[in-house]
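Visitor: Mind looking over this structure? Questions follow.
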Amino acid sequence: MRAKRKRKNKNRKRNILLIILICLVVTILFSLNHQLKMKLRDIAVYKCRNNATEMINKAIQNTLNDSDYTYDDLVEINKNSENEITSVSCTTSKINSLKTDISDEINNGFENQDKNGFSIAVGTISGINLFSGVGPEIKVHFEKEGSVKTDIRSSFSSAGINQTLHRIYIEVCSDIVAVAASGTYRSKVKTEYLLAETVIVGEIPERYASIS
């Protein structure tokens, strides 16, 4: 009886240890799977943001190449009878037209992009340099979510005695979604592109030195 009881206790301890071991393995696998998914998310979002930014900049450049917009088309510099600068203001109609053209070109870029996207090797997700680029590949691509937002801003800086460098930028913001087999990951893309610049000769009154 005593030997039988010992065997039962031994089997019970073995079963308990086996259960603990299984729980430990499941916990490790769950944690590892979570870490890999987070690593995939970070890599996918990073690459998608870079690709989207590159595509947006290319769309802006294409729009500028196809148009004849110059600094003088976008900005009006007014002077008084003594040839002093009284105001620097934007040409609203031209600015709005350019923003529309750029937005349309960016939307076309999102719609016509290669839906095959790019691939991330499983070895790269592991974070181990030795395995980088090794193993099965996971396909990832990005899509636009919502509308593209554009805004015009400008900056004034000294360019010498009685000279001011005026630059006009367009700021583009867009929400994107990185799509992978493991799920979708949302992110934002924000980029700034120089549209035009010139050196203005003459003192610019501070209250007029703005683009609205």
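Residues are referred to by chain and number: the chain letter is A, B, ... according to the order shown in the structure tokens, the number counts from 1 in that chain, and ligands are numbered separately from 1 in the order shown.
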Please provide as a PyMOL selection string all residues within 9 Å of Arg41 in chain A, with the sequence filter that same-chain residues fewer than 6 positions apart are discarded (counting only C-alpha atoms).
Guide: chain A and resi 178+180+182-185
Visitor: Write out as a list in words each polymer residue whose atoms come within 12 Å of Asp101 in chain A, counting only C-alpha atoms; drop sequence neighbours fewer than 5 positions from it.
Guide: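 So, after excluding close chain neighbours, the residues are Ala59, Ile60, Gln61, Asn62, Thr63, Leu64, Asn65, Asp66, Ser67, Tyr69, Lys94, Ile95, Asn96, Ile106, Asn107, Asn108 and Thr150 of chain A.
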Visitor: Pull N, CA and C atoms from the residues just selected and write them as an mmCIF file, in the first residue's frame.
Guide:
data_model
loop_
_atom_site.group_PDB
_atom_site.id
_atom_site.type_symbol
_atom_site.label_atom_id
_atom_site.label_comp_id
_atom_site.auth_asym_id
_atom_site.auth_seq_id
_atom_site.Cartn_x
_atom_site.Cartn_y
_atom_site.Cartn_z
ATOM 1 N N ALA A 59 4.577 62.902 -56.505
ATOM 2 C CA ALA A 59 3.342 63.469 -57.048
ATOM 3 C C ALA A 59 3.415 64.996 -57.091
ATOM 4 N N ILE A 60 3.972 65.590 -56.031
ATOM 5 C CA ILE A 60 4.126 67.051 -56.005
ATOM 6 C C ILE A 60 5.070 67.502 -57.111
ATOM 7 N N GLN A 61 6.189 66.796 -57.250
ATOM 8 C CA GLN A 61 7.162 67.147 -58.282
ATOM 9 C C GLN A 61 6.556 67.020 -59.673
ATOM 10 N N ASN A 62 5.777 65.976 -59.902
ATOM 11 C CA ASN A 62 5.122 65.793 -61.205
ATOM 12 C C ASN A 62 4.158 66.942 -61.498
ATOM 13 N N THR A 63 3.435 67.373 -60.462
ATOM 14 C CA THR A 63 2.492 68.488 -60.638
ATOM 15 C C THR A 63 3.228 69.768 -60.999
ATOM 16 N N LEU A 64 4.322 70.025 -60.307
ATOM 17 C CA LEU A 64 5.096 71.237 -60.590
ATOM 18 C C LEU A 64 5.721 71.185 -61.974
ATOM 19 N N ASN A 65 6.158 69.990 -62.389
ATOM 20 C CA ASN A 65 6.753 69.842 -63.723
ATOM 21 C C ASN A 65 5.727 70.063 -64.827
ATOM 22 N N ASP A 66 4.476 69.660 -64.546
ATOM 23 C CA ASP A 66 3.416 69.774 -65.558
ATOM 24 C C ASP A 66 2.761 71.152 -65.568
ATOM 25 N N SER A 67 3.059 71.965 -64.571
ATOM 26 C CA SER A 67 2.441 73.295 -64.495
ATOM 27 C C SER A 67 3.492 74.370 -64.756
ATOM 28 N N TYR A 69 3.604 77.193 -62.823
ATOM 29 C CA TYR A 69 3.563 78.064 -61.656
ATOM 30 C C TYR A 69 4.965 78.546 -61.278
ATOM 31 N N LYS A 94 -4.609 81.129 -57.442
ATOM 32 C CA LYS A 94 -3.507 80.282 -57.920
ATOM 33 C C LYS A 94 -3.090 79.264 -56.863
ATOM 34 N N ILE A 95 -3.050 79.722 -55.598
ATOM 35 C CA ILE A 95 -2.687 78.823 -54.503
ATOM 36 C C ILE A 95 -3.689 77.677 -54.404
ATOM 37 N N ASN A 96 -4.973 78.005 -54.441
ATOM 38 C CA ASN A 96 -6.010 76.975 -54.330
ATOM 39 C C ASN A 96 -5.979 76.021 -55.521
ATOM 40 N N ILE A 106 -1.750 63.317 -55.912
ATOM 41 C CA ILE A 106 -1.449 62.423 -54.795
ATOM 42 C C ILE A 106 -2.483 61.310 -54.703
ATOM 43 N N ASN A 107 -3.757 61.659 -54.857
ATOM 44 C CA ASN A 107 -4.817 60.641 -54.826
ATOM 45 C C ASN A 107 -4.631 59.624 -55.944
ATOM 46 N N ASN A 108 -4.247 60.105 -57.117
ATOM 47 C CA ASN A 108 -3.972 59.186 -58.237
ATOM 48 C C ASN A 108 -2.802 58.267 -57.907
ATOM 49 N N THR A 150 -3.907 69.246 -47.293
ATOM 50 C CA THR A 150 -2.795 70.084 -47.739
ATOM 51 C C THR A 150 -2.903 71.467 -47.114
#
Visitor: Find the distance between CA of Tyr71 in chain A and CA of Phe110 in chain A and write it in Å to one decimal.
Guide: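 Pair CA of Tyr71 in chain A / CA of Phe110 in chain A returns 28.1 Å.
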Visitor: Determine which residues of range 15-196 of chain A receive a DSSP assignment of strand (DSSP E or B), computed from the backbone, and state them as a ChimeraX atom specification.
Guide: /A:75-79,85-90,118-121,137-160,163-180,183-196
Visitor: Tell me, which residues of range 59-188 of chain A carry DSSP helix (DSSP H, G or I), written as a PyMOL selection string?
Guide: chain A and resi 59-66+71-74+92-112+122-125+129-131
